[in-house]
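S.K.: What follows is upload_21.pdb, made up of PDB, C-alpha atoms and all ligand atoms:
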ATOM      1  CA  MET A 146      78.831-128.593  32.911
ATOM      2  CA  ILE A 147      76.532-129.951  35.625
ATOM      3  CA  GLU A 148      78.042-132.133  38.345
ATOM      4  CA  VAL A 149      75.634-134.136  40.483
ATOM      5  CA  GLN A 150      77.474-135.507  43.494
ATOM      6  CA  ASN A 151      75.985-138.117  45.807
ATOM      7  CA  LEU A 152      72.629-136.331  45.716
ATOM      8  CA  THR A 153      69.906-137.559  48.082
ATOM      9  CA  LYS A 154      66.396-136.272  48.756
ATOM     10  CA  ARG A 155      63.716-137.756  51.014
ATOM     11  CA  TYR A 156      60.053-136.896  51.365
ATOM     12  CA  GLY A 157      59.038-138.565  54.620
ATOM     13  CA  ASP A 158      59.672-142.268  54.073
ATOM     14  CA  THR A 159      60.059-141.871  50.299
ATOM     15  CA  VAL A 160      63.624-141.690  49.033
ATOM     16  CA  ALA A 161      63.011-139.646  45.885
ATOM     17  CA  VAL A 162      66.705-139.345  44.941
ATOM     18  CA  ASP A 163      69.196-141.814  46.320
ATOM     19  CA  ARG A 164      72.957-141.107  46.295
ATOM     20  CA  LEU A 165      72.849-140.015  42.676
ATOM     21  CA  SER A 166      76.074-139.009  40.915
ATOM     22  CA  PHE A 167      76.637-138.120  37.269
ATOM     23  CA  THR A 168      78.120-135.361  35.111
ATOM     24  CA  VAL A 169      76.339-133.593  32.249
ATOM     25  CA  ARG A 170      78.881-132.387  29.724
ATOM     26  CA  PRO A 171      78.770-129.410  27.348
ATOM     27  CA  GLY A 172      78.470-129.655  23.573
ATOM     28  CA  GLN A 173      75.850-132.401  23.516
ATOM     29  CA  VAL A 174      72.208-132.996  24.364
ATOM     30  CA  THR A 175      71.867-135.271  27.391
ATOM     31  CA  GLY A 176      68.496-136.967  27.806
ATOM     32  CA  PHE A 177      67.260-137.629  31.341
ATOM     33  CA  LEU A 178      65.027-140.714  31.426
ATOM     34  CA  GLY A 179      63.240-142.750  34.043
ATOM     35  CA  PRO A 180      59.788-144.165  34.740
ATOM     36  CA  ASN A 181      57.148-142.057  36.503
ATOM     37  CA  GLY A 182      58.264-141.165  40.000
ATOM     38  CA  ALA A 183      61.919-142.042  39.302
ATOM     39  CA  GLY A 184      63.079-138.700  40.713
ATOM     40  CA  LYS A 185      63.801-136.688  37.552
ATOM     41  CA  SER A 186      61.876-133.548  38.485
ATOM     42  CA  THR A 187      63.192-133.659  42.045
ATOM     43  CA  THR A 188      66.763-133.878  40.709
ATOM     44  CA  MET A 189      66.195-130.949  38.367
ATOM     45  CA  ARG A 190      64.641-128.894  41.155
ATOM     46  CA  MET A 191      67.734-129.514  43.295
ATOM     47  CA  MET A 192      69.946-128.436  40.383
ATOM     48  CA  LEU A 193      68.135-125.105  40.531
ATOM     49  CA  GLY A 194      68.187-124.717  44.291
ATOM     50  CA  LEU A 195      64.388-125.112  44.468
ATOM     51  CA  ASP A 196      64.643-128.190  46.695
ATOM     52  CA  ARG A 197      67.262-128.708  49.361
ATOM     53  CA  PRO A 198      69.090-132.066  49.261
ATOM     54  CA  ALA A 199      69.343-134.220  52.383
ATOM     55  CA  ALA A 200      72.899-134.998  51.252
ATOM     56  CA  GLY A 201      75.185-134.345  48.320
ATOM     57  CA  ARG A 202      75.273-131.341  46.009
ATOM     58  CA  VAL A 203      74.967-130.069  42.458
ATOM     59  CA  LEU A 204      77.516-127.798  40.825
ATOM     60  CA  ILE A 205      76.645-125.663  37.791
ATOM     61  CA  ASN A 206      79.872-124.785  36.014
ATOM     62  CA  GLY A 207      81.689-125.400  39.278
ATOM     63  CA  ARG A 208      79.330-123.589  41.673
ATOM     64  CA  PRO A 209      76.179-124.449  43.604
ATOM     65  CA  TYR A 210      73.105-122.591  42.295
ATOM     66  CA  ASP A 211      72.812-120.345  45.340
ATOM     67  CA  ARG A 212      76.354-119.077  44.742
ATOM     68  CA  LEU A 213      75.576-117.934  41.191
ATOM     69  CA  THR A 214      75.168-114.190  40.926
ATOM     70  CA  GLU A 215      72.542-113.328  38.299
ATOM     71  CA  PRO A 216      71.701-117.015  37.868
ATOM     72  CA  LEU A 217      69.823-116.604  34.560
ATOM     73  CA  ARG A 218      73.179-115.826  32.976
ATOM     74  CA  TRP A 219      74.493-119.214  34.101
ATOM     75  CA  VAL A 220      71.575-121.575  33.825
ATOM     76  CA  GLY A 221      68.243-121.347  32.023
ATOM     77  CA  ALA A 222      65.457-123.727  32.927
ATOM     78  CA  LEU A 223      62.046-124.800  31.773
ATOM     79  CA  LEU A 224      60.409-126.793  34.521
ATOM     80  CA  GLU A 225      57.207-128.762  34.098
ATOM     81  CA  ALA A 226      55.293-126.340  36.251
ATOM     82  CA  THR A 227      57.093-123.153  35.275
ATOM     83  CA  ALA A 228      55.066-120.429  36.935
ATOM     84  CA  VAL A 229      54.053-117.402  34.907
ATOM     85  CA  HIS A 230      51.897-114.669  36.406
ATOM     86  CA  ARG A 231      48.731-115.351  34.392
ATOM     87  CA  GLY A 232      47.629-111.727  34.156
ATOM     88  CA  ARG A 233      50.966-110.447  32.887
ATOM     89  CA  ARG A 234      51.809-109.729  29.268
ATOM     90  CA  ALA A 235      54.449-112.065  27.757
ATOM     91  CA  GLN A 236      56.995-109.290  27.227
ATOM     92  CA  ASP A 237      56.414-107.859  30.716
ATOM     93  CA  HIS A 238      57.057-111.273  32.254
ATOM     94  CA  LEU A 239      60.384-111.468  30.400
ATOM     95  CA  ARG A 240      61.289-107.822  31.142
ATOM     96  CA  TRP A 241      60.749-108.433  34.830
ATOM     97  CA  LEU A 242      63.016-111.500  34.715
ATOM     98  CA  ALA A 243      65.614-109.612  32.671
ATOM     99  CA  ARG A 244      65.700-106.698  35.103
ATOM    100  CA  SER A 245      66.196-108.996  38.101
ATOM    101  CA  ASN A 246      69.314-110.427  36.424
ATOM    102  CA  ARG A 247      70.624-107.171  34.896
ATOM    103  CA  ILE A 248      69.964-108.441  31.375
ATOM    104  CA  PRO A 249      69.391-105.628  28.796
ATOM    105  CA  LYS A 250      65.751-105.034  27.802
ATOM    106  CA  THR A 251      66.633-105.491  24.114
ATOM    107  CA  ARG A 252      67.259-109.180  24.799
ATOM    108  CA  VAL A 253      63.517-109.657  25.481
ATOM    109  CA  ARG A 254      62.633-108.923  21.824
ATOM    110  CA  GLU A 255      65.404-111.268  20.679
ATOM    111  CA  VAL A 256      64.228-114.252  22.711
ATOM    112  CA  LEU A 257      60.569-113.661  21.790
ATOM    113  CA  ALA A 258      61.636-113.807  18.132
ATOM    114  CA  MET A 259      63.716-116.939  18.759
ATOM    115  CA  VAL A 260      60.674-118.820  20.103
ATOM    116  CA  GLY A 261      58.205-117.413  17.573
ATOM    117  CA  LEU A 262      56.116-115.379  20.036
ATOM    118  CA  GLU A 263      56.828-111.880  18.644
ATOM    119  CA  SER A 264      53.264-111.363  17.465
ATOM    120  CA  VAL A 265      51.791-112.095  20.905
ATOM    121  CA  ALA A 266      54.420-110.207  22.922
ATOM    122  CA  ARG A 267      51.811-107.784  24.254
ATOM    123  CA  LYS A 268      49.136-110.441  24.932
ATOM    124  CA  ARG A 269      48.357-111.532  28.472
ATOM    125  CA  THR A 270      49.617-115.038  29.180
ATOM    126  CA  LYS A 271      46.300-116.243  30.608
ATOM    127  CA  GLY A 272      45.066-116.652  26.999
ATOM    128  CA  PHE A 273      48.099-118.739  26.009
ATOM    129  CA  SER A 274      47.776-122.368  24.899
ATOM    130  CA  LEU A 275      50.002-124.952  26.583
ATOM    131  CA  GLY A 276      52.325-124.853  23.558
ATOM    132  CA  MET A 277      52.601-121.042  23.724
ATOM    133  CA  SER A 278      53.305-121.224  27.460
ATOM    134  CA  GLN A 279      56.059-123.756  26.775
ATOM    135  CA  ARG A 280      57.592-121.393  24.214
ATOM    136  CA  LEU A 281      57.416-118.510  26.687
ATOM    137  CA  GLY A 282      59.122-120.701  29.293
ATOM    138  CA  ILE A 283      61.859-121.479  26.770
ATOM    139  CA  ALA A 284      62.225-117.758  25.993
ATOM    140  CA  ALA A 285      62.754-117.158  29.718
ATOM    141  CA  ALA A 286      65.346-119.943  29.840
ATOM    142  CA  LEU A 287      67.266-118.349  26.945
ATOM    143  CA  LEU A 288      67.056-114.815  28.306
ATOM    144  CA  GLY A 289      70.469-114.742  29.976
ATOM    145  CA  ASP A 290      72.191-116.545  27.062
ATOM    146  CA  PRO A 291      73.294-119.166  29.614
ATOM    147  CA  PRO A 292      75.898-121.907  29.054
ATOM    148  CA  VAL A 293      73.694-124.458  30.841
ATOM    149  CA  LEU A 294      70.071-125.275  29.977
ATOM    150  CA  LEU A 295      67.617-127.581  31.739
ATOM    151  CA  PHE A 296      64.341-128.639  30.166
ATOM    152  CA  ASP A 297      61.847-130.773  32.089
ATOM    153  CA  GLU A 298      59.375-132.361  29.644
ATOM    154  CA  PRO A 299      59.698-129.505  27.111
ATOM    155  CA  LEU A 300      57.583-131.280  24.496
ATOM    156  CA  ASN A 301      54.410-131.243  26.575
ATOM    157  CA  GLY A 302      51.633-129.533  24.668
ATOM    158  CA  LEU A 303      53.652-128.965  21.492
ATOM    159  CA  ASP A 304      52.256-129.872  18.075
ATOM    160  CA  PRO A 305      54.428-131.776  15.527
ATOM    161  CA  GLU A 306      55.872-128.535  14.137
ATOM    162  CA  GLY A 307      56.688-127.417  17.685
ATOM    163  CA  ILE A 308      58.353-130.744  18.452
ATOM    164  CA  VAL A 309      60.625-130.482  15.412
ATOM    165  CA  TRP A 310      61.371-126.878  16.324
ATOM    166  CA  ILE A 311      62.437-127.726  19.856
ATOM    167  CA  ARG A 312      64.487-130.728  18.667
ATOM    168  CA  ASN A 313      66.442-128.422  16.349
ATOM    169  CA  LEU A 314      66.738-125.743  19.029
ATOM    170  CA  MET A 315      68.250-128.180  21.540
ATOM    171  CA  LYS A 316      70.705-129.505  18.978
ATOM    172  CA  ARG A 317      71.705-125.971  18.020
ATOM    173  CA  LEU A 318      72.205-124.938  21.652
ATOM    174  CA  ALA A 319      74.421-127.987  22.189
ATOM    175  CA  ALA A 320      76.347-127.326  18.954
ATOM    176  CA  GLU A 321      77.096-123.845  20.318
ATOM    177  CA  GLY A 322      78.944-125.591  23.137
ATOM    178  CA  ARG A 323      76.246-125.346  25.814
ATOM    179  CA  THR A 324      75.270-128.021  28.303
ATOM    180  CA  VAL A 325      71.727-129.167  27.437
ATOM    181  CA  PHE A 326      69.935-131.482  29.873
ATOM    182  CA  VAL A 327      66.405-132.569  28.967
ATOM    183  CA  SER A 328      63.894-134.958  30.504
ATOM    184  CA  SER A 329      61.208-136.572  28.382
ATOM    185  CA  HIS A 330      58.932-139.575  28.220
ATOM    186  CA  LEU A 331      58.909-139.500  24.425
ATOM    187  CA  MET A 332      61.534-142.119  23.593
ATOM    188  CA  ASN A 333      61.405-141.708  19.838
ATOM    189  CA  GLU A 334      62.084-138.010  20.272
ATOM    190  CA  MET A 335      64.936-138.669  22.668
ATOM    191  CA  ALA A 336      66.448-141.111  20.186
ATOM    192  CA  LEU A 337      66.419-138.334  17.586
ATOM    193  CA  THR A 338      67.597-135.528  19.862
ATOM    194  CA  ALA A 339      69.914-136.843  22.557
ATOM    195  CA  ASP A 340      73.560-137.835  22.171
ATOM    196  CA  HIS A 341      73.965-139.051  25.718
ATOM    197  CA  LEU A 342      71.566-140.542  28.272
ATOM    198  CA  VAL A 343      71.272-140.538  32.023
ATOM    199  CA  VAL A 344      68.668-143.090  33.128
ATOM    200  CA  ILE A 345      67.408-143.332  36.705
ATOM    201  CA  GLY A 346      64.971-145.618  38.535
ATOM    202  CA  ARG A 347      63.779-145.208  42.113
ATOM    203  CA  GLY A 348      66.157-142.291  42.495
ATOM    204  CA  ARG A 349      69.236-144.303  41.551
ATOM    205  CA  LEU A 350      71.480-144.231  38.510
ATOM    206  CA  LEU A 351      70.737-147.067  36.065
ATOM    207  CA  ALA A 352      72.735-145.908  33.046
ATOM    208  CA  ASP A 353      75.024-143.053  31.992
ATOM    209  CA  THR A 354      76.030-143.720  28.408
ATOM    210  CA  THR A 355      75.561-142.806  24.737
ATOM    211  CA  VAL A 356      72.228-143.561  23.068
ATOM    212  CA  ALA A 357      73.856-146.134  20.769
ATOM    213  CA  GLN A 358      75.623-147.949  23.621
ATOM    214  CA  PHE A 359      72.470-147.906  25.715
ATOM    215  CA  VAL A 360      70.422-149.560  22.967
ATOM    216  CA  ALA A 361      73.194-152.071  22.235
ATOM    217  CA  ALA A 362      73.560-153.000  25.918
ATOM    218  CA  HIS A 363      69.873-153.501  26.617
ATOM    219  CA  THR A 364      68.538-155.098  23.460
ATOM    220  CA  ARG A 365      69.398-157.882  21.095
ATOM    221  CA  SER A 366      70.617-157.011  17.620
ATOM    222  CA  PHE A 367      70.652-159.740  14.985
ATOM    223  CA  VAL A 368      70.790-160.328  11.235
ATOM    224  CA  ARG A 369      67.554-161.356   9.552
ATOM    225  CA  ILE A 370      67.907-163.614   6.510
ATOM    226  CA  ARG A 371      65.198-164.599   4.051
ATOM    227  CA  THR A 372      66.030-167.273   1.512
ATOM    228  CA  PRO A 373      64.150-169.848  -0.602
ATOM    229  CA  GLU A 374      66.544-172.475   0.853
ATOM    230  CA  PRO A 375      66.288-171.954   4.645
ATOM    231  CA  GLU A 376      67.364-175.498   5.608
ATOM    232  CA  ARG A 377      70.527-175.346   3.511
ATOM    233  CA  MET A 378      71.274-171.837   4.712
ATOM    234  CA  ARG A 379      70.860-172.879   8.326
ATOM    235  CA  ASP A 380      73.216-175.841   7.892
ATOM    236  CA  VAL A 381      75.816-173.655   6.170
ATOM    237  CA  LEU A 382      75.639-170.999   8.884
ATOM    238  CA  ILE A 383      75.871-173.535  11.700
ATOM    239  CA  ALA A 384      78.882-175.118   9.966
ATOM    240  CA  ALA A 385      80.442-171.622   9.860
ATOM    241  CA  GLY A 386      79.947-171.305  13.645
ATOM    242  CA  VAL A 387      77.016-168.855  13.493
ATOM    243  CA  THR A 388      74.209-169.138  16.062
ATOM    244  CA  VAL A 389      70.978-169.213  14.091
ATOM    245  CA  ALA A 390      67.272-169.573  14.882
ATOM    246  CA  GLN A 391      64.138-169.633  12.761
ATOM    247  CA  ALA A 392      61.488-166.934  13.269
ATOM    248  CA  ALA A 393      57.744-167.622  13.091
ATOM    249  CA  ASP A 394      57.555-166.264   9.523
ATOM    250  CA  GLY A 395      60.269-168.682   8.347
ATOM    251  CA  ALA A 396      63.096-166.126   8.217
ATOM    252  CA  LEU A 397      66.389-167.013   9.885
ATOM    253  CA  GLU A 398      67.846-164.877  12.678
ATOM    254  CA  ALA A 399      71.607-164.968  13.189
ATOM    255  CA  ASP A 400      73.185-163.690  16.396
ATOM    256  CA  GLY A 401      76.730-162.566  17.088
ATOM    257  CA  THR A 402      77.567-161.744  13.481
ATOM    258  CA  ASP A 403      76.935-159.015  10.922
ATOM    259  CA  ALA A 404      75.160-158.699   7.584
ATOM    260  CA  ALA A 405      78.418-158.556   5.576
ATOM    261  CA  THR A 406      79.617-161.884   6.993
ATOM    262  CA  ILE A 407      76.277-163.535   6.228
ATOM    263  CA  GLY A 408      76.319-162.148   2.678
ATOM    264  CA  GLU A 409      79.843-163.495   2.112
ATOM    265  CA  ILE A 410      79.016-166.948   3.483
ATOM    266  CA  ALA A 411      75.908-167.124   1.261
ATOM    267  CA  ALA A 412      77.827-166.012  -1.841
ATOM    268  CA  ALA A 413      80.623-168.532  -1.230
ATOM    269  CA  ARG A 414      78.022-171.332  -1.135
ATOM    270  CA  ARG A 415      76.033-169.888  -4.070
ATOM    271  CA  LEU A 416      72.926-169.580  -1.876
ATOM    272  CA  ILE A 417      70.109-167.287  -3.017
ATOM    273  CA  VAL A 418      69.123-164.635  -0.464
ATOM    274  CA  HIS A 419      66.088-162.351  -0.652
ATOM    275  CA  GLU A 420      66.954-160.326   2.431
ATOM    276  CA  VAL A 421      69.953-159.846   4.716
ATOM    277  CA  SER A 422      69.245-157.036   7.159
ATOM    278  CA  THR A 423      70.562-155.898  10.518
ATOM    279  CA  GLN A 424      67.766-155.622  13.075
ATOM    280  CA  THR A 425      68.422-153.178  15.897
ATOM    281  CA  ALA A 426      65.903-152.442  18.611
ATOM    282  CA  SER A 427      64.632-148.971  19.415
ATOM    283  CA  LEU A 428      65.530-146.790  22.387
ATOM    284  CA  GLU A 429      62.006-147.398  23.667
ATOM    285  CA  GLU A 430      62.548-151.175  23.721
ATOM    286  CA  ALA A 431      65.890-150.730  25.480
ATOM    287  CA  PHE A 432      64.317-148.401  28.034
ATOM    288  CA  MET A 433      61.400-150.780  28.702
ATOM    289  CA  ARG A 434      63.805-153.653  29.138
ATOM    290  CA  LEU A 435      66.009-151.795  31.606
ATOM    291  CA  THR A 436      63.247-150.160  33.622
ATOM    292  CA  GLY A 437      61.140-153.323  33.445
ATOM    293  CA  ASP A 438      63.940-154.891  35.463
ATOM    294  CA  VAL A 439      63.514-152.118  38.012
ATOM    295  CA  VAL A 440      59.822-152.921  38.327
ATOM    296  CA  ASP A 441      60.660-156.628  38.694
ATOM    297  CA  TYR A 442      63.122-155.775  41.453
ATOM    298  CA  ARG A 443      60.450-153.742  43.162
ATOM    299  CA  ALA A 444      57.949-156.611  43.079
ATOM    300  CA  GLY A 445      60.465-159.126  44.338
ATOM    301  CA  TYR A 446      62.137-156.901  46.872
ATOM    302  CA  GLY A 447      62.732-158.847  50.058
ATOM    303  CA  ALA A 448      65.372-159.614  52.647
ATOM    304  CA  GLY A 449      68.782-159.560  50.999
ATOM    305  CA  GLY A 450      67.200-158.296  47.775
ATOM    306  CA  PRO A 451      69.282-156.765  45.040
ATOM    307  CA  GLN A 452      71.269-153.662  45.909
ATOM    308  CA  TRP A 453      71.153-151.833  42.605
TER     309      TRP A 453
HETATM  310  N1  LIG B 501      56.677-132.478  47.156
HETATM  311  C1  LIG B 501      56.668-133.803  47.316
HETATM  312  N2  LIG B 501      56.194-134.366  48.434
HETATM  313  C2  LIG B 501      56.210-135.695  48.622
HETATM  314  N3  LIG B 501      56.689-136.590  47.724
HETATM  315  C3  LIG B 501      57.188-136.090  46.581
HETATM  316  C4  LIG B 501      57.205-134.690  46.313
HETATM  317  N4  LIG B 501      57.770-134.510  45.087
HETATM  318  C5  LIG B 501      58.075-135.733  44.622
HETATM  319  N5  LIG B 501      57.723-136.682  45.512
HETATM  320  C6  LIG B 501      57.941-138.140  45.357
HETATM  321  O1  LIG B 501      59.283-138.328  44.997
HETATM  322  C7  LIG B 501      59.409-139.341  43.994
HETATM  323  C8  LIG B 501      60.080-138.762  42.767
HETATM  324  O2  LIG B 501      59.187-137.857  42.131
HETATM  325  P1  LIG B 501      59.582-136.989  40.849
HETATM  326  O3  LIG B 501      58.418-136.097  40.541
HETATM  327  O4  LIG B 501      60.887-136.351  41.062
HETATM  328  O5  LIG B 501      59.720-138.113  39.725
HETATM  329  P2  LIG B 501      59.771-137.957  38.138
HETATM  330  O6  LIG B 501      60.816-138.908  37.677
HETATM  331  O7  LIG B 501      59.926-136.525  37.767
HETATM  332  O8  LIG B 501      58.342-138.491  37.725
HETATM  333  P3  LIG B 501      57.418-138.137  36.448
HETATM  334  O9  LIG B 501      58.074-138.804  35.294
HETATM  335  O10 LIG B 501      56.132-138.792  36.815
HETATM  336  O11 LIG B 501      57.341-136.652  36.354
HETATM  337  C9  LIG B 501      58.005-139.858  43.764
HETATM  338  O12 LIG B 501      57.819-141.005  44.588
HETATM  339  C10 LIG B 501      57.137-138.731  44.222
HETATM  340  O13 LIG B 501      55.880-139.209  44.661
END
As structure tokens, please, write out the structure in this file.

M.R.:
Amino acid sequence: MIEVQNLTKRYGDTVAVDRLSFTVRPGQVTGFLGPNGAGKSTTMRMMLGLDRPAAGRVLINGRPYDRLTEPLRWVGALLEATAVHRGRRAQDHLRWLARSNRIPKTRVREVLAMVGLESVARKRTKGFSLGMSQRLGIAAALLGDPPVLLFDEPLNGLDPEGIVWIRNLMKRLAAEGRTVFVSSHLMNEMALTADHLVVIGRGRLLADTTVAQFVAAHTRSFVRIRTPEPERMRDVLIAAGVTVAQAADGALEADGTDAATIGEIAAARRLIVHEVSTQTASLEEAFMRLTGDVVDYRAGYGAGGPQW
């Protein structure tokens, strides 16, 4: 579990993280979303003791990072700019990390196999592609078999096969009961991978909810109806108390109801329907809608402006 409590970080006049509080729970993948500059990387760096907060704290399984002995056994992390000594061989990099955390040398082979880098274990990392470097960073994160894992933009530089691989890896790690916290700009991927979302904007919490609830709260879902008798259908639906509008292509869009109800109303009136489908927006649309509001707030920020 990761507990973020009233966390604040300033860089000069910039408030990068602003009284942020949330809890990341084990057994699920939690996506960490926010527009550029929202404070995601800064938050993750504070989780790992790499940046010192101006106020507040982060607890990893009940303890601040600097109180964890052999921290790789408690939390594994892939940060955007994970530093690897470029002249070092992949296995030597991992052996050095393992030794510093009293992790047995045999674990190095295991994690290299887990990330598919066995064949280049003895290669120097300066020849590695971005995707290979990401895999090496993930191997390092897994080295201590930690209960908590942080990934900052782990999909950067990965090809489609690599993206599917990491999606499955994160799900598996969560299914094993670990806490998996991952930031990404790739909304479609997050929709497929994450169970829960923490969304921030300008360093503040905007949402802490499940993916499904987030999409439902920030988008409109409606039933689309195509029929050769749109006028009659509209009259029947209005008479049944359904709010209905006509789309540009002639289809009807009914709000505040579901496809089963529409189907039953149509059948009762012997109306022909060619389509009755539930239309739900994507995570990307929900995210744009929520964070678009943040940008609007920013533009209109004045005396007595919104305190979100
Ligand atoms: N070392 C630093 N010095 C000064 N300002 C910084 C520093 N690191 C971050 N910031 C500022 O803090 C804010 C939050 O940045 P951060 O990198 O945490 O956001 P982010 O959500 O990770 O963004 P992105 O999605 O672009 O990676 C930004 O305004 C950024 O310019």

S.K.: Can you pull out the residues contacting Ile417 of chain A? Cut-off 8 Å, using all atoms listed in the file, and skip same-chain residues under 6 positions away; I want them as a ChimeraX atom specification.

M.R.: /A:372-374,411

S.K.: Suppose a student applies the PyMOL selection byres (((not hetatm)) within 6 of (chain B and resi 501)) to this structure; what residues should they get, written as a PyMOL selection string?

M.R.: chain A and resi 156+161+179-187

S.K.: Put those residues in a file: C-alpha atoms, as a tab-separated table (two decimals), keeping the file's coordinate frame.

M.R.:
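Result file result06.tsv:
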chain	number	residue	atom	x	y	z
A	156	TYR	CA	60.05	-136.90	51.36
A	161	ALA	CA	63.01	-139.65	45.88
A	179	GLY	CA	63.24	-142.75	34.04
A	180	PRO	CA	59.79	-144.16	34.74
A	181	ASN	CA	57.15	-142.06	36.50
A	182	GLY	CA	58.26	-141.16	40.00
A	183	ALA	CA	61.92	-142.04	39.30
A	184	GLY	CA	63.08	-138.70	40.71
A	185	LYS	CA	63.80	-136.69	37.55
A	186	SER	CA	61.88	-133.55	38.48
A	187	THR	CA	63.19	-133.66	42.04

S.K.: Name the closest residue to Gln173 of chain A among the candidates A:Arg414, A:Arg371, A:His341, A:Arg377; distances are taken between atoms, counting only C-alpha atoms.

M.R.: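 The closest residue to Gln173 of chain A is A:His341.
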
S.K.: When you count all atoms listed in the file, which of these residues is closest to Ala200 of chain A: A:Gly172, A:Asp394, A:Leu152, A:Arg212?

M.R.: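 Once distances to Ala200 of chain A are computed over all atoms listed in the file, the minimum belongs to A:Leu152.
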
S.K.: Using all atoms listed in the file for the distances, tell me which of A:Leu217, A:Val343, A:Val162, A:Ala361 is nearest to Arg244 of chain A.

M.R.: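 Looking only at the distances to Arg244 of chain A, the closest residue turns out to be A:Leu217.
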
S.K.: Can you translate the PyMOL selection byres (((chain A and resi 366) around 9) and not hetatm) into the concrete residues it hits in this file, as a PyMOL selection string?

M.R.: chain A and resi 361+364-365+367-368+400-401+423-426

S.K.: Given the PyMOL selection byres (((chain A and resi 387) around 8) and not hetatm) and the file above, list the residues it selects as a list in words.

M.R.: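 Applying the PyMOL selection byres (((chain A and resi 387) around 8) and not hetatm) to the structure shown produces Leu382, Ile383, Ala384, Ala385, Gly386, Thr388, Val389, Ala399, Asp400, Gly401 and Thr402 of chain A.
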
S.K.: Using only C-alpha atoms, find the one residue out of A:Arg252, A:His330, A:Arg415, A:Arg347 that sits nearest to Arg164 of chain A.

M.R.: A:Arg347

S.K.: Can you list, as a compact mmCIF listing (two decimals) with C-alpha atoms, in the frame of the given file, every protein, DNA or RNA residue that comes within 12 Å of Val169 of chain A when you count all atoms listed in the file, leaving out same-chain residues fewer than 5 positions away?

M.R.:
# COMPACT_ATOMS: atom_id res chain seq x y z
CA MET A 146 78.83 -128.59 32.91
CA ILE A 147 76.53 -129.95 35.62
CA GLU A 148 78.04 -132.13 38.34
CA VAL A 149 75.63 -134.14 40.48
CA GLN A 150 77.47 -135.51 43.49
CA VAL A 174 72.21 -133.00 24.36
CA THR A 175 71.87 -135.27 27.39
CA GLY A 176 68.50 -136.97 27.81
CA PHE A 177 67.26 -137.63 31.34
CA MET A 192 69.95 -128.44 40.38
CA VAL A 203 74.97 -130.07 42.46
CA LEU A 204 77.52 -127.80 40.83
CA ILE A 205 76.64 -125.66 37.79
CA ASN A 206 79.87 -124.78 36.01
CA VAL A 293 73.69 -124.46 30.84
CA LEU A 294 70.07 -125.28 29.98
CA LEU A 295 67.62 -127.58 31.74
CA ALA A 319 74.42 -127.99 22.19
CA ARG A 323 76.25 -125.35 25.81
CA THR A 324 75.27 -128.02 28.30
CA VAL A 325 71.73 -129.17 27.44
CA PHE A 326 69.94 -131.48 29.87
CA VAL A 327 66.40 -132.57 28.97
CA ASP A 340 73.56 -137.84 22.17
CA HIS A 341 73.96 -139.05 25.72
CA LEU A 342 71.57 -140.54 28.27
CA VAL A 343 71.27 -140.54 32.02
CA ASP A 353 75.02 -143.05 31.99
CA THR A 354 76.03 -143.72 28.41
CA THR A 355 75.56 -142.81 24.74

S.K.: I'd like to know which of A:Leu178, A:Ser422, A:Gly201, A:His238 is closest to Asp163 of chain A, using only C-alpha atoms.

M.R.: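 With only C-alpha atoms as the atom set, the closest residue is A:Gly201.
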
S.K.: Ranking A:Gly282, A:Gly289, A:Gly232, A:Gly276 by minimum distance to Gly302 of chain A and counting only C-alpha atoms, which one comes first?

M.R.: A:Gly276

S.K.: From (68.4, -132.3, 19.8), in the file's coordinates, out to 7 Å: which residues are reached, counting all atoms listed in the file? Answer as a list of chain:residue names.

M.R.: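 Within the cut-off we find A:Val174, A:Arg312, A:Asn313, A:Leu314, A:Met315, A:Lys316, A:Leu337, A:Thr338, A:Ala339.
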
S.K.: Suppose you want the space between atom CA of Trp219 of chain A and atom CA of Leu195 of chain A; what is it in Å?

M.R.: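 Separating atom CA of Trp219 of chain A from atom CA of Leu195 of chain A is a distance of 15.6 Å.
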